[in-house]
$ cat target-v3.txt   # compact mmCIF, C-alpha atoms
# COMPACT_ATOMS: atom_id res chain seq x y z
CA MET A 1 97.32 28.63 170.12
CA ILE A 2 94.27 26.55 171.03
CA ALA A 3 94.31 28.21 174.46
CA LEU A 4 94.15 31.60 172.72
CA LEU A 5 91.25 30.47 170.52
CA VAL A 6 89.35 29.12 173.53
CA ARG A 7 89.97 32.33 175.46
CA ASP A 8 88.79 34.53 172.60
CA LEU A 9 85.63 32.46 172.08
CA ARG A 10 84.93 32.51 175.82
CA LEU A 11 85.40 36.29 175.94
CA ALA A 12 83.05 36.70 172.99
CA MET A 13 80.33 34.68 174.73
CA ARG A 14 80.61 36.58 178.02
CA ALA A 15 78.81 39.83 178.72
CA GLY A 16 79.90 42.65 176.43
CA GLY A 17 81.88 40.25 174.27
CA GLY A 18 80.34 41.25 170.97
CA PHE A 19 78.86 37.90 170.00
CA GLY A 20 75.47 38.55 168.45
CA LEU A 21 76.30 42.15 167.56
CA GLY A 22 76.89 41.32 163.89
CA LEU A 23 74.02 38.87 163.86
CA ALA A 24 71.59 41.41 165.28
CA PHE A 25 72.72 43.99 162.71
CA PHE A 26 72.27 41.45 159.91
CA LEU A 27 68.78 40.63 161.16
CA ILE A 28 67.87 44.33 161.23
CA VAL A 29 69.13 44.93 157.68
CA SER A 30 67.29 41.95 156.22
CA THR A 31 64.11 42.90 158.04
CA LEU A 32 64.21 46.56 157.04
CA VAL A 33 65.01 46.13 153.34
CA PRO A 34 61.57 44.68 152.44
CA PHE A 35 59.95 47.65 154.18
CA GLY A 36 62.15 50.10 152.31
CA VAL A 37 61.91 48.49 148.89
CA GLY A 38 58.24 47.62 149.04
CA PRO A 39 56.38 44.33 149.02
CA GLU A 40 56.79 43.41 145.33
CA ALA A 41 57.94 39.81 145.50
CA ALA A 42 59.68 39.81 142.10
CA ILE A 43 61.94 42.77 142.91
CA LEU A 44 62.74 41.44 146.37
CA SER A 45 63.71 38.01 145.17
CA ARG A 46 65.92 39.53 142.46
CA ILE A 47 67.90 41.74 144.88
CA ALA A 48 67.90 39.28 147.80
CA PRO A 49 71.35 37.68 147.21
CA GLY A 50 73.04 41.07 146.83
CA ILE A 51 71.35 42.56 149.90
CA LEU A 52 72.23 39.52 151.99
CA TRP A 53 75.85 39.80 150.90
CA VAL A 54 76.09 43.53 151.61
CA GLY A 55 74.39 43.00 154.96
CA ALA A 56 76.81 40.22 155.92
CA LEU A 57 79.79 42.33 154.88
CA LEU A 58 78.70 45.34 156.93
CA ALA A 59 77.87 43.14 159.92
CA CYS A 60 81.38 41.72 159.67
CA LEU A 61 82.87 45.22 159.54
CA LEU A 62 81.07 46.18 162.74
CA SER A 63 83.19 44.06 165.07
CA LEU A 64 86.59 44.31 163.37
CA ASP A 65 88.15 46.89 165.66
CA ARG A 66 87.68 44.54 168.62
CA ILE A 67 90.07 41.96 167.18
CA PHE A 68 93.25 43.54 168.56
CA GLN A 69 92.18 46.80 170.20
CA LEU A 70 90.93 45.28 173.48
CA ASP A 71 94.07 43.18 173.88
CA PHE A 72 96.18 46.22 173.10
CA GLU A 73 94.46 48.36 175.70
CA ASP A 74 94.74 45.94 178.61
CA GLY A 75 98.34 45.01 177.81
CA SER A 76 97.65 41.41 176.74
CA LEU A 77 99.02 42.05 173.27
CA ASP A 78 102.47 42.97 174.65
CA LEU A 79 102.47 39.83 176.72
CA LEU A 80 101.26 37.69 173.81
CA ALA A 81 104.02 39.15 171.64
CA THR A 82 106.61 37.87 174.13
CA ALA A 83 104.83 34.51 174.56
CA PRO A 84 106.05 31.42 172.69
CA ILE A 85 103.44 31.80 169.94
CA PRO A 86 104.58 33.33 166.65
CA MET A 87 102.87 36.63 165.87
CA GLU A 88 101.55 35.14 162.63
CA GLY A 89 99.88 32.42 164.68
CA ILE A 90 98.28 35.00 166.96
CA VAL A 91 96.85 36.84 163.95
CA ALA A 92 95.55 33.64 162.35
CA VAL A 93 93.92 32.46 165.58
CA LYS A 94 92.32 35.85 166.20
CA ALA A 95 90.95 35.96 162.65
CA LEU A 96 89.60 32.42 163.08
CA ALA A 97 87.95 33.39 166.36
CA HIS A 98 86.40 36.44 164.65
CA TRP A 99 85.06 34.21 161.88
CA LEU A 100 83.61 31.68 164.33
CA VAL A 101 81.90 34.45 166.27
CA THR A 102 80.75 36.58 163.31
CA GLY A 103 81.12 34.94 159.88
CA LEU A 104 79.81 31.49 160.75
CA PRO A 105 76.61 32.67 162.50
CA LEU A 106 75.95 35.04 159.58
CA THR A 107 76.38 32.18 157.13
CA LEU A 108 73.99 29.98 159.07
CA ALA A 109 71.41 32.76 159.48
CA ALA A 110 71.47 34.03 155.88
CA PRO A 111 69.35 31.27 154.28
CA VAL A 112 66.68 31.77 156.95
CA LEU A 113 66.70 35.55 156.62
CA GLY A 114 66.57 35.14 152.84
CA THR A 115 63.02 33.95 153.31
CA LEU A 116 62.11 37.47 154.46
CA MET A 117 63.15 38.69 151.01
CA ASN A 118 61.39 35.97 149.06
CA LEU A 119 64.65 34.28 148.05
CA GLU A 120 63.88 31.63 145.40
CA SER A 121 64.39 27.98 146.27
CA PRO A 122 67.96 27.16 145.10
CA GLY A 123 69.02 30.56 146.44
CA HIS A 124 69.11 29.42 150.07
CA TYR A 125 71.66 26.85 149.17
CA TRP A 126 73.76 29.29 147.12
CA ILE A 127 73.77 32.10 149.68
CA PHE A 128 74.94 29.58 152.28
CA ILE A 129 77.75 28.23 150.07
CA THR A 130 79.01 31.64 148.94
CA LEU A 131 79.01 33.10 152.44
CA LEU A 132 80.71 29.99 153.79
CA ILE A 133 83.54 30.42 151.29
CA GLY A 134 83.64 34.23 151.34
CA THR A 135 83.34 35.22 155.02
CA PRO A 136 86.75 33.76 156.04
CA ALA A 137 88.32 36.26 153.63
CA LEU A 138 86.32 39.07 155.26
CA SER A 139 87.62 38.10 158.71
CA MET A 140 91.22 37.73 157.54
CA ILE A 141 91.29 41.01 155.60
CA GLY A 142 89.62 42.66 158.58
CA ALA A 143 92.26 41.30 160.96
CA PHE A 144 94.91 42.82 158.71
CA GLY A 145 93.15 46.19 158.82
CA ALA A 146 92.75 45.91 162.59
CA ALA A 147 96.47 45.17 162.95
CA LEU A 148 97.32 48.29 160.94
CA THR A 149 95.17 50.55 163.11
CA VAL A 150 95.69 48.90 166.49
CA GLY A 151 97.51 51.73 168.25
CA LEU A 152 95.05 54.42 167.21
CA LYS A 153 92.42 55.72 169.56
CA ARG A 154 89.02 55.51 167.88
CA GLY A 155 90.67 53.92 164.85
CA GLY A 156 87.35 52.45 163.68
CA LEU A 157 86.76 55.06 160.98
CA LEU A 158 90.20 54.64 159.45
CA LEU A 159 89.83 50.88 159.71
CA SER A 160 86.55 50.95 157.76
CA LEU A 161 88.07 53.15 155.06
CA LEU A 162 91.11 50.88 154.76
CA VAL A 163 89.20 47.65 154.69
CA LEU A 164 86.18 48.51 152.51
CA PRO A 165 88.10 48.66 149.19
CA LEU A 166 89.76 45.36 150.03
CA TYR A 167 86.32 43.83 150.63
CA ILE A 168 84.98 44.82 147.22
CA PRO A 169 86.38 41.91 145.16
CA THR A 170 84.99 39.38 147.64
CA LEU A 171 81.63 41.14 147.54
CA ILE A 172 81.51 41.28 143.72
CA PHE A 173 82.33 37.62 143.20
CA GLY A 174 80.31 36.44 146.19
CA ALA A 175 77.15 38.28 145.24
CA GLU A 176 77.61 37.37 141.57
CA ALA A 177 77.96 33.67 142.38
CA ALA A 178 74.90 33.79 144.65
CA THR A 179 72.81 35.67 142.04
CA ARG A 180 73.80 33.34 139.20
CA GLY A 181 73.23 30.26 141.31
CA THR A 182 69.81 31.49 142.36
CA ALA A 183 68.87 32.17 138.72
CA GLY A 184 69.92 28.65 137.77
CA LEU A 185 73.01 29.70 135.77
CA SER A 186 76.52 28.34 136.16
CA ALA A 187 78.18 30.04 139.15
CA LEU A 188 81.47 28.19 138.94
CA THR A 189 83.70 31.04 137.72
CA PRO A 190 82.82 33.68 140.37
CA LEU A 191 82.80 30.95 143.01
CA LEU A 192 86.34 29.90 142.11
CA MET A 193 87.53 33.52 141.99
CA MET A 194 86.13 34.10 145.47
CA ALA A 195 87.66 30.88 146.76
CA GLY A 196 90.97 32.08 145.34
CA ILE A 197 90.68 35.40 147.20
CA THR A 198 89.91 33.56 150.44
CA ALA A 199 92.80 31.13 150.03
CA GLY A 200 95.19 33.94 149.12
CA SER A 201 94.12 36.07 152.09
CA ILE A 202 94.55 33.20 154.51
CA ALA A 203 97.96 32.34 153.10
CA LEU A 204 99.46 35.83 152.91
CA LEU A 205 97.72 38.27 155.24
CA PRO A 206 98.80 36.69 158.58
CA PHE A 207 102.38 37.67 157.68
CA ALA A 208 101.43 41.20 156.67
CA ALA A 209 99.29 41.65 159.77
CA ALA A 210 102.03 40.30 162.05
CA ALA A 211 104.50 42.78 160.57
CA ALA A 212 102.02 45.62 161.11
CA LEU A 213 101.47 44.54 164.73
CA ARG A 214 105.21 44.44 165.44
CA VAL A 215 105.55 48.01 164.17
CA ASN A 216 102.55 49.19 166.17
CA LEU A 217 103.81 47.66 169.43
CA ARG A 218 107.07 49.63 169.35
CA MET B 1 120.91 31.83 180.61
CA GLU B 2 122.78 35.11 180.71
CA LEU B 3 121.47 38.44 179.51
CA ARG B 4 124.33 40.52 178.14
CA VAL B 5 123.84 44.06 176.91
CA GLU B 6 126.57 45.78 174.91
CA ASN B 7 126.74 49.44 173.94
CA LEU B 8 122.95 49.60 173.76
CA THR B 9 121.07 52.71 172.65
CA VAL B 10 117.31 52.62 173.08
CA ALA B 11 114.90 55.05 171.49
CA ARG B 12 111.31 56.04 172.04
CA GLY B 13 109.48 57.50 169.05
CA GLY B 14 112.78 57.71 167.13
CA VAL B 15 114.45 59.86 169.82
CA PRO B 16 117.27 58.15 171.75
CA VAL B 17 116.67 58.15 175.50
CA LEU B 18 119.48 55.99 176.88
CA GLU B 19 122.83 55.24 175.25
CA GLY B 20 126.04 53.36 175.91
CA LEU B 21 124.46 50.79 178.23
CA ASP B 22 126.72 47.86 179.13
CA PHE B 23 125.71 45.30 181.70
CA THR B 24 125.28 41.61 182.31
CA LEU B 25 122.53 39.84 184.17
CA SER B 26 123.71 36.40 185.25
CA PRO B 27 121.61 33.53 186.56
CA GLY B 28 120.92 34.01 190.25
CA GLN B 29 121.28 37.78 190.04
CA VAL B 30 118.79 40.55 190.75
CA LEU B 31 119.43 43.95 189.20
CA ILE B 32 117.41 46.94 190.35
CA LEU B 33 116.89 49.61 187.72
CA ARG B 34 116.68 53.12 189.10
CA GLY B 35 116.06 56.49 187.55
CA PRO B 36 113.55 59.33 187.68
CA ASN B 37 110.24 59.23 185.79
CA GLY B 38 110.73 59.51 182.06
CA SER B 39 114.36 58.43 182.19
CA GLY B 40 113.78 55.52 179.80
CA LYS B 41 113.45 52.53 182.15
CA THR B 42 110.32 51.24 180.42
CA THR B 43 111.86 51.79 176.97
CA LEU B 44 114.92 49.82 178.06
CA LEU B 45 112.81 46.95 179.39
CA ARG B 46 110.66 46.84 176.23
CA THR B 47 113.80 46.74 174.10
CA LEU B 48 115.27 43.91 176.16
CA ALA B 49 111.96 42.02 175.91
CA GLY B 50 112.19 42.23 172.12
CA LEU B 51 109.11 44.41 171.71
CA GLN B 52 111.12 47.10 169.95
CA PRO B 53 114.47 46.97 168.17
CA PRO B 54 117.56 48.59 169.71
CA MET B 55 118.82 51.72 167.94
CA THR B 56 122.43 50.54 168.20
CA GLY B 57 124.22 47.87 170.17
CA SER B 58 123.15 44.35 170.96
CA VAL B 59 121.16 42.31 173.43
CA SER B 60 122.45 38.76 173.55
CA THR B 61 119.70 36.50 174.67
CA ASP B 62 117.00 34.23 173.39
CA PRO B 63 113.63 36.06 173.57
CA GLU B 64 112.12 32.73 174.58
CA GLN B 65 113.97 33.01 177.91
CA ILE B 66 112.40 36.33 178.86
CA THR B 67 109.10 37.21 180.43
CA TYR B 68 108.04 40.82 180.62
CA GLY B 69 105.87 42.28 183.35
CA ALA B 70 104.49 45.57 182.11
CA HIS B 71 102.53 48.39 183.75
CA ALA B 72 99.32 46.77 182.51
CA ASP B 73 98.57 43.30 183.83
CA GLY B 74 96.93 41.95 180.67
CA LEU B 75 93.88 40.69 182.53
CA LYS B 76 90.49 40.06 180.98
CA ALA B 77 87.77 41.58 183.13
CA THR B 78 85.10 38.99 182.28
CA LEU B 79 87.31 35.98 182.97
CA SER B 80 87.79 34.66 186.47
CA VAL B 81 91.13 34.75 188.26
CA GLU B 82 91.65 31.06 187.56
CA GLU B 83 90.72 31.38 183.88
CA ASN B 84 93.14 34.28 183.43
CA LEU B 85 95.95 32.35 185.07
CA ARG B 86 95.19 29.09 183.27
CA PHE B 87 95.22 30.90 179.94
CA TRP B 88 98.76 32.23 180.42
CA ALA B 89 99.86 28.87 181.81
CA SER B 90 98.66 26.98 178.75
CA VAL B 91 100.10 29.58 176.37
CA HIS B 92 103.48 28.85 177.96
CA GLY B 93 102.87 25.11 178.14
CA VAL B 94 102.81 24.97 181.95
CA ALA B 95 100.20 22.68 183.48
CA ASP B 96 100.39 23.48 187.19
CA ILE B 97 99.15 26.85 188.43
CA ALA B 98 99.16 25.91 192.15
CA PRO B 99 102.59 27.46 192.97
CA ALA B 100 101.54 30.76 191.40
CA VAL B 101 98.19 30.74 193.21
CA ASP B 102 99.76 30.03 196.59
CA GLY B 103 102.79 32.28 196.01
CA PHE B 104 100.56 35.33 195.62
CA ASN B 105 97.82 34.30 198.03
CA LEU B 106 95.09 34.04 195.36
CA ARG B 107 93.47 30.82 196.59
CA GLY B 108 90.41 32.57 197.97
CA LEU B 109 89.88 34.64 194.82
CA LEU B 110 90.06 31.91 192.16
CA GLY B 111 86.40 31.98 191.15
CA ARG B 112 86.05 35.76 191.20
CA PRO B 113 85.77 37.66 187.87
CA SER B 114 88.84 39.86 187.63
CA ALA B 115 86.58 42.88 187.03
CA ASN B 116 85.67 42.65 190.74
CA LEU B 117 89.23 42.63 192.03
CA SER B 118 90.86 45.58 193.76
CA ALA B 119 93.87 47.25 192.12
CA GLY B 120 96.26 45.43 194.44
CA GLN B 121 94.60 42.08 193.83
CA LYS B 122 94.83 42.62 190.06
CA ARG B 123 98.51 43.38 190.42
CA ARG B 124 99.02 40.19 192.43
CA LEU B 125 97.30 38.22 189.69
CA GLY B 126 99.47 39.98 187.09
CA LEU B 127 102.60 39.03 189.04
CA ALA B 128 101.39 35.44 189.51
CA ARG B 129 101.48 35.21 185.71
CA LEU B 130 105.30 35.39 185.93
CA LEU B 131 105.36 32.10 187.79
CA VAL B 132 103.28 30.26 185.18
CA THR B 133 105.51 31.33 182.29
CA GLY B 134 108.34 29.11 183.54
CA ARG B 135 110.90 31.47 182.03
CA PRO B 136 114.24 32.25 183.73
CA ILE B 137 114.67 35.98 183.04
CA TRP B 138 112.09 38.36 184.52
CA LEU B 139 111.92 41.94 183.29
CA LEU B 140 109.61 43.85 185.61
CA ASP B 141 108.37 47.38 185.23
CA GLU B 142 107.41 48.85 188.61
CA PRO B 143 105.92 45.57 189.87
CA THR B 144 104.95 46.89 193.31
CA VAL B 145 102.55 49.63 192.19
CA SER B 146 99.33 49.47 194.28
CA LEU B 147 100.60 46.56 196.42
CA ASP B 148 100.32 46.71 200.22
CA VAL B 149 103.24 45.89 202.52
CA ALA B 150 102.26 42.23 202.92
CA SER B 151 101.93 41.78 199.15
CA VAL B 152 105.30 43.44 198.53
CA ALA B 153 106.76 40.88 200.93
CA LEU B 154 105.05 38.07 198.96
CA PHE B 155 106.53 39.49 195.77
CA ALA B 156 110.01 39.76 197.30
CA ASP B 157 109.73 36.12 198.43
CA ALA B 158 108.72 35.08 194.91
CA VAL B 159 111.75 36.88 193.45
CA ARG B 160 114.03 35.27 196.05
CA ALA B 161 112.69 31.81 195.26
CA HIS B 162 113.00 32.47 191.54
CA VAL B 163 116.62 33.61 191.88
CA ALA B 164 117.47 30.70 194.19
CA GLY B 165 116.23 28.39 191.42
CA GLY B 166 118.73 29.83 188.94
CA GLY B 167 116.54 32.57 187.52
CA SER B 168 117.36 36.24 187.29
CA ALA B 169 115.39 39.47 187.44
CA LEU B 170 115.76 43.03 186.23
CA ILE B 171 113.35 45.20 188.22
CA ALA B 172 112.57 48.86 187.67
CA THR B 173 111.28 50.15 190.98
CA HIS B 174 111.30 53.20 193.25
CA ILE B 175 110.98 51.36 196.57
CA ASP B 176 113.33 49.17 198.59
CA LEU B 177 112.30 45.54 198.16
CA GLY B 178 114.74 44.22 200.77
CA LEU B 179 116.42 42.02 198.19
CA LEU B 180 120.09 41.22 197.90
CA ALA B 181 120.61 43.08 194.66
CA GLU B 182 122.86 45.33 192.67
CA THR B 183 121.57 48.66 191.46
CA LEU B 184 121.84 50.11 188.00
CA ASP B 185 121.16 53.83 187.85
CA VAL B 186 120.21 54.84 184.31
CA GLY B 187 120.93 58.54 184.98
CA PRO B 188 124.53 58.57 183.61
CA PHE B 189 123.37 56.89 180.39
CA LYS B 190 120.90 59.59 179.44
CA ALA B 191 121.21 60.25 175.72
CA ASP B 192 122.27 63.62 174.37
CA VAL B 193 119.50 64.29 171.87
CA ASN B 194 121.31 67.08 170.05
CA ARG B 195 124.42 65.08 169.17
CA PRO B 196 124.19 63.42 165.74
CA ARG B 197 124.01 59.64 166.08
CA SER B 198 126.70 58.52 163.67
CA ASP B 199 129.07 59.66 160.95
CA THR B 200 126.70 58.68 158.18
CA GLN B 201 123.95 60.66 159.80
CA ARG B 202 126.21 63.68 160.24
CA ASP B 203 127.11 63.47 156.53
CA ALA B 204 123.46 63.33 155.71
CA TYR B 205 122.87 66.52 157.71
CA ALA B 206 125.82 68.20 155.92
CA ASP B 207 124.43 67.23 152.52
CA PHE B 208 121.06 68.54 153.55
CA ASP B 209 122.53 71.88 154.64
CA GLU B 210 124.57 72.17 151.46
CA ALA B 211 121.53 71.58 149.34
CA PHE B 212 119.90 74.65 150.81
CA SER B 213 122.93 76.99 150.99

$ encode --input "target-v3.txt" --output "structure tokens"
Amino acid sequence: MIALLVRDLRLAMRAGGGFGLGLAFFLIVSTLVPFGVGPEAAILSRIAPGILWVGALLACLLSLDRIFQLDFEDGSLDLLATAPIPMEGIVAVKALAHWLVTGLPLTLAAPVLGTLMNLESPGHYWIFITLLIGTPALSMIGAFGAALTVGLKRGGLLLSLLVLPLYIPTLIFGAEAATRGTAGLSALTPLLMMAGITAGSIALLPFAAAAALRVNLR
Amino acid sequence: MELRVENLTVARGGVPVLEGLDFTLSPGQVLILRGPNGSGKTTLLRTLAGLQPPMTGSVSTDPEQITYGAHADGLKATLSVEENLRFWASVHGVADIAPAVDGFNLRGLLGRPSANLSAGQKRRLGLARLLVTGRPIWLLDEPTVSLDVASVALFADAVRAHVAGGGSALIATHIDLGLLAETLDVGPFKADVNRPRSDTQRDAYADFDEAFS
């Protein structure tokens, strides 16, 4: 399983691997919003946590179809399915690799990009914490969606439609926790709800995704 | 480890393609699978590899004993030959890739990205993967496609060595590999698509017809 993780990370770093795609998109969104909304510092700092969360979510969505599609096309997925790694393990490792390549860089970049939107001082801390807890759920739910659509040519549209509703709870609680934290209110309840979604996704979705993959490989 | 197939029916997209298959693949045996294009050889191999369930019948073997060599080699274009091979070796818990490298004459290509390989070289790398899985039963789907004569000989040697070491191989191919092997022609097992599969299914059809009469 570690070999698979190392291979996926190495592939992501190589040319055309997709590392930086989400990050570049996130950078573009956070740069463009101040131009679109206007330079009023009060409005920007009020919407900053929500915009950062939406931007991170969409950036995450951008690279989902790569999780299994490339392996499916070159035949690696068939070979992995017959390898001595359980399918659930393959899904979990691939979701982890996606998070390390997409979610983690987004989390690290968000506090810095928040400065572009005049994010108030405790906000940097809160956007970091909420994204750190929330983005693993985005990768895991996305891996499940990718497993469902793996055999489809150009399945990206269907994948987005399937996954977006599942992302909404994470977005609501994540953005709410970040907004409350930034305003100096107690953010414990939405934070715990989001942590629950993440823990539940990580515990259950590898099994669902593995079942979907088995059906799609037939 | 023996691969025994009893009364197997395999289906592609829900339509049976081969039925009533009975054969045994013992250690040390090579079985050549023959049949025209579209006769269900690939479907049979995928079923035996555990990638899809049989429609009826049974395959008695541990999936952990089988390695499947498909049409696609499963290579990553941006990884080098050595990285590709090492990946499959470590997935299967095998440390030494030297026999696979030498067996398929890949020594001079180790550092090359597999995107820059020719079709035949890719195939050789794909076949070298079989040696790093360390598994006794090989299921191969047209392994010699795009190989030159010398490479086919390398492949035949690898199969001979594998079989001599107690392994076995089921190979779907259209060419003569020069191996000491039995042949299984899938032609006589072609499924009759129009015949209902079972009594329960026939009853279901009857009920369906009645409902609309």

$ interface_residues --input "target-v3.txt" --of "chain B" --to "chain A" --cutoff "6 Å" --atoms "all atoms listed in the file" --output "mmCIF file with C-alpha atoms, in the coordinates of the input"
data_model
loop_
_atom_site.group_PDB
_atom_site.id
_atom_site.type_symbol
_atom_site.label_atom_id
_atom_site.label_comp_id
_atom_site.auth_asym_id
_atom_site.auth_seq_id
_atom_site.Cartn_x
_atom_site.Cartn_y
_atom_site.Cartn_z
ATOM 1 C CA GLN B 52 111.120 47.100 169.950
ATOM 2 C CA ALA B 72 99.320 46.770 182.510
ATOM 3 C CA GLY B 74 96.930 41.950 180.670
#

$ closest_residue --input "target-v3.txt" --among "A:Glu176, A:Leu205, A:Ile129, A:Trp99" --to "Ala59 of chain A" --atoms "only C-alpha atoms"
A:Trp99

$ residues_around --input "target-v3.txt" --residues "segment 114-116 of chain A" --least-positions-apart "2" --cutoff "8 Å" --atoms "only C-alpha atoms" --output "ChimeraX atom specification"
/A:30-31,34,48-49,52,110-112,118-119,124

$ closest_residue --input "target-v3.txt" --among "A:Leu100, A:Ile28, A:Val54, A:Leu213" --to "Gln69 of chain A" --atoms "all atoms listed in the file"
A:Leu213

$ residues_around --input "target-v3.txt" --residues "segment 23-34 of chain B" --least-positions-apart "4" --cutoff "6 Å" --atoms "only C-alpha atoms" --output "PDB file with C-alpha atoms, keeping the file's coordinate frame"
ATOM      1  CA  GLU B   2     122.780  35.110 180.710  1.00  0.00           C
ATOM      2  CA  LEU B   3     121.470  38.440 179.510  1.00  0.00           C
ATOM      3  CA  ARG B   4     124.330  40.520 178.140  1.00  0.00           C
ATOM      4  CA  VAL B   5     123.840  44.060 176.910  1.00  0.00           C
ATOM      5  CA  VAL B 163     116.620  33.610 191.880  1.00  0.00           C
ATOM      6  CA  GLY B 166     118.730  29.830 188.940  1.00  0.00           C
ATOM      7  CA  GLY B 167     116.540  32.570 187.520  1.00  0.00           C
ATOM      8  CA  SER B 168     117.360  36.240 187.290  1.00  0.00           C
ATOM      9  CA  ALA B 169     115.390  39.470 187.440  1.00  0.00           C
ATOM     10  CA  LEU B 170     115.760  43.030 186.230  1.00  0.00           C
ATOM     11  CA  ILE B 171     113.350  45.200 188.220  1.00  0.00           C
ATOM     12  CA  ALA B 172     112.570  48.860 187.670  1.00  0.00           C
ATOM     13  CA  ALA B 181     120.610  43.080 194.660  1.00  0.00           C
ATOM     14  CA  GLU B 182     122.860  45.330 192.670  1.00  0.00           C
ATOM     15  CA  THR B 183     121.570  48.660 191.460  1.00  0.00           C
ATOM     16  CA  LEU B 184     121.840  50.110 188.000  1.00  0.00           C
ATOM     17  CA  ASP B 185     121.160  53.830 187.850  1.00  0.00           C
TER      18      ASP B 185
END

$ atom_distance --input "target-v3.txt" --atom1 "atom CA of Ala56 of chain A" --atom2 "atom CA of Thr182 of chain A"
17.6 Å

$ closest_residue --input "target-v3.txt" --among "B:Asp96, B:Glu6, B:Glu82, B:Asp192" --to "Gly134 of chain B" --atoms "all atoms listed in the file"
B:Asp96

$ atom_distance --input "target-v3.txt" --atom1 "atom CA of Arg86 of chain B" --atom2 "atom CA of Arg129 of chain B"
9.1 Å

$ closest_residue --input "target-v3.txt" --among "B:Gly111, B:Gly50, B:Gly178, B:Pro143" --to "Val81 of chain B" --atoms "all atoms listed in the file"
B:Gly111

$ atom_distance --input "target-v3.txt" --atom1 "atom CA of Ala137 of chain A" --atom2 "atom CA of Ser186 of chain A"
22.5 Å

$ closest_residue --input "target-v3.txt" --among "B:Leu139, B:Leu117, B:Ala49, B:Val59" --to "Ala77 of chain B" --atoms "all atoms listed in the file"
B:Leu117

$ closest_residue --input "target-v3.txt" --among "A:Cys60, A:Ala41, A:Ala143, A:Leu108" --to "Ile202 of chain A" --atoms "all atoms listed in the file"
A:Ala143

$ axis_aligned_box --input "target-v3.txt" --around "segment 56-61 of chain A" --padding-each-side "8 Å" --output "lines of an AutoDock Vina configuration file"
center_x = 79.8
center_y = 42.8
center_z = 157.4
size_x = 22.1
size_y = 21.1
size_z = 21.0

$ residues_near_point --input "target-v3.txt" --point "(100.3, 36.8, 159.7)" --cutoff "12 Å" --atoms "only C-alpha atoms" --output "ChimeraX atom specification"
/A:85-95,140-141,143-145,147-148,201-214

$ write_last_selection --input "target-v3.txt" --atoms "C-alpha atoms" --output "short mmCIF file (atom, residue, chain, number, x, y, z; two decimals), keeping the file's coordinate frame"
data_model
loop_
_atom_site.label_atom_id
_atom_site.label_comp_id
_atom_site.auth_asym_id
_atom_site.auth_seq_id
_atom_site.Cartn_x
_atom_site.Cartn_y
_atom_site.Cartn_z
CA ILE A 85 103.44 31.80 169.94
CA PRO A 86 104.58 33.33 166.65
CA MET A 87 102.87 36.63 165.87
CA GLU A 88 101.55 35.14 162.63
CA GLY A 89 99.88 32.42 164.68
CA ILE A 90 98.28 35.00 166.96
CA VAL A 91 96.85 36.84 163.95
CA ALA A 92 95.55 33.64 162.35
CA VAL A 93 93.92 32.46 165.58
CA LYS A 94 92.32 35.85 166.20
CA ALA A 95 90.95 35.96 162.65
CA MET A 140 91.22 37.73 157.54
CA ILE A 141 91.29 41.01 155.60
CA ALA A 143 92.26 41.30 160.96
CA PHE A 144 94.91 42.82 158.71
CA GLY A 145 93.15 46.19 158.82
CA ALA A 147 96.47 45.17 162.95
CA LEU A 148 97.32 48.29 160.94
CA SER A 201 94.12 36.07 152.09
CA ILE A 202 94.55 33.20 154.51
CA ALA A 203 97.96 32.34 153.10
CA LEU A 204 99.46 35.83 152.91
CA LEU A 205 97.72 38.27 155.24
CA PRO A 206 98.80 36.69 158.58
CA PHE A 207 102.38 37.67 157.68
CA ALA A 208 101.43 41.20 156.67
CA ALA A 209 99.29 41.65 159.77
CA ALA A 210 102.03 40.30 162.05
CA ALA A 211 104.50 42.78 160.57
CA ALA A 212 102.02 45.62 161.11
CA LEU A 213 101.47 44.54 164.73
CA ARG A 214 105.21 44.44 165.44
#

$ residues_around --input "target-v3.txt" --residues "Arg180 of chain A" --least-positions-apart "4" --cutoff "10 Å" --atoms "only C-alpha atoms" --output "number ranges by chain"
A: 49, 123, 126, 175-176, 184-188, 190

$ decode --input "target-v3.txt" --residues "segment 28-40 of chain A" --atoms "C-alpha atoms" --output "mmCIF file, in the first residue's frame"
data_model
loop_
_atom_site.group_PDB
_atom_site.id
_atom_site.type_symbol
_atom_site.label_atom_id
_atom_site.label_comp_id
_atom_site.auth_asym_id
_atom_site.auth_seq_id
_atom_site.Cartn_x
_atom_site.Cartn_y
_atom_site.Cartn_z
ATOM 1 C CA ILE A 28 -6.926 32.502 -9.379
ATOM 2 C CA VAL A 29 -10.241 32.457 -7.493
ATOM 3 C CA SER A 30 -8.850 34.258 -4.453
ATOM 4 C CA THR A 31 -7.145 36.836 -6.641
ATOM 5 C CA LEU A 32 -10.171 37.512 -8.827
ATOM 6 C CA VAL A 33 -12.806 37.819 -6.092
ATOM 7 C CA PRO A 34 -11.479 41.155 -4.736
ATOM 8 C CA PHE A 35 -11.566 42.537 -8.284
ATOM 9 C CA GLY A 36 -15.123 41.340 -8.781
ATOM 10 C CA VAL A 37 -16.504 42.387 -5.417
ATOM 11 C CA GLY A 38 -14.699 45.704 -5.198
ATOM 12 C CA PRO A 39 -12.088 47.044 -2.822
ATOM 13 C CA GLU A 40 -14.283 47.656 0.248
#
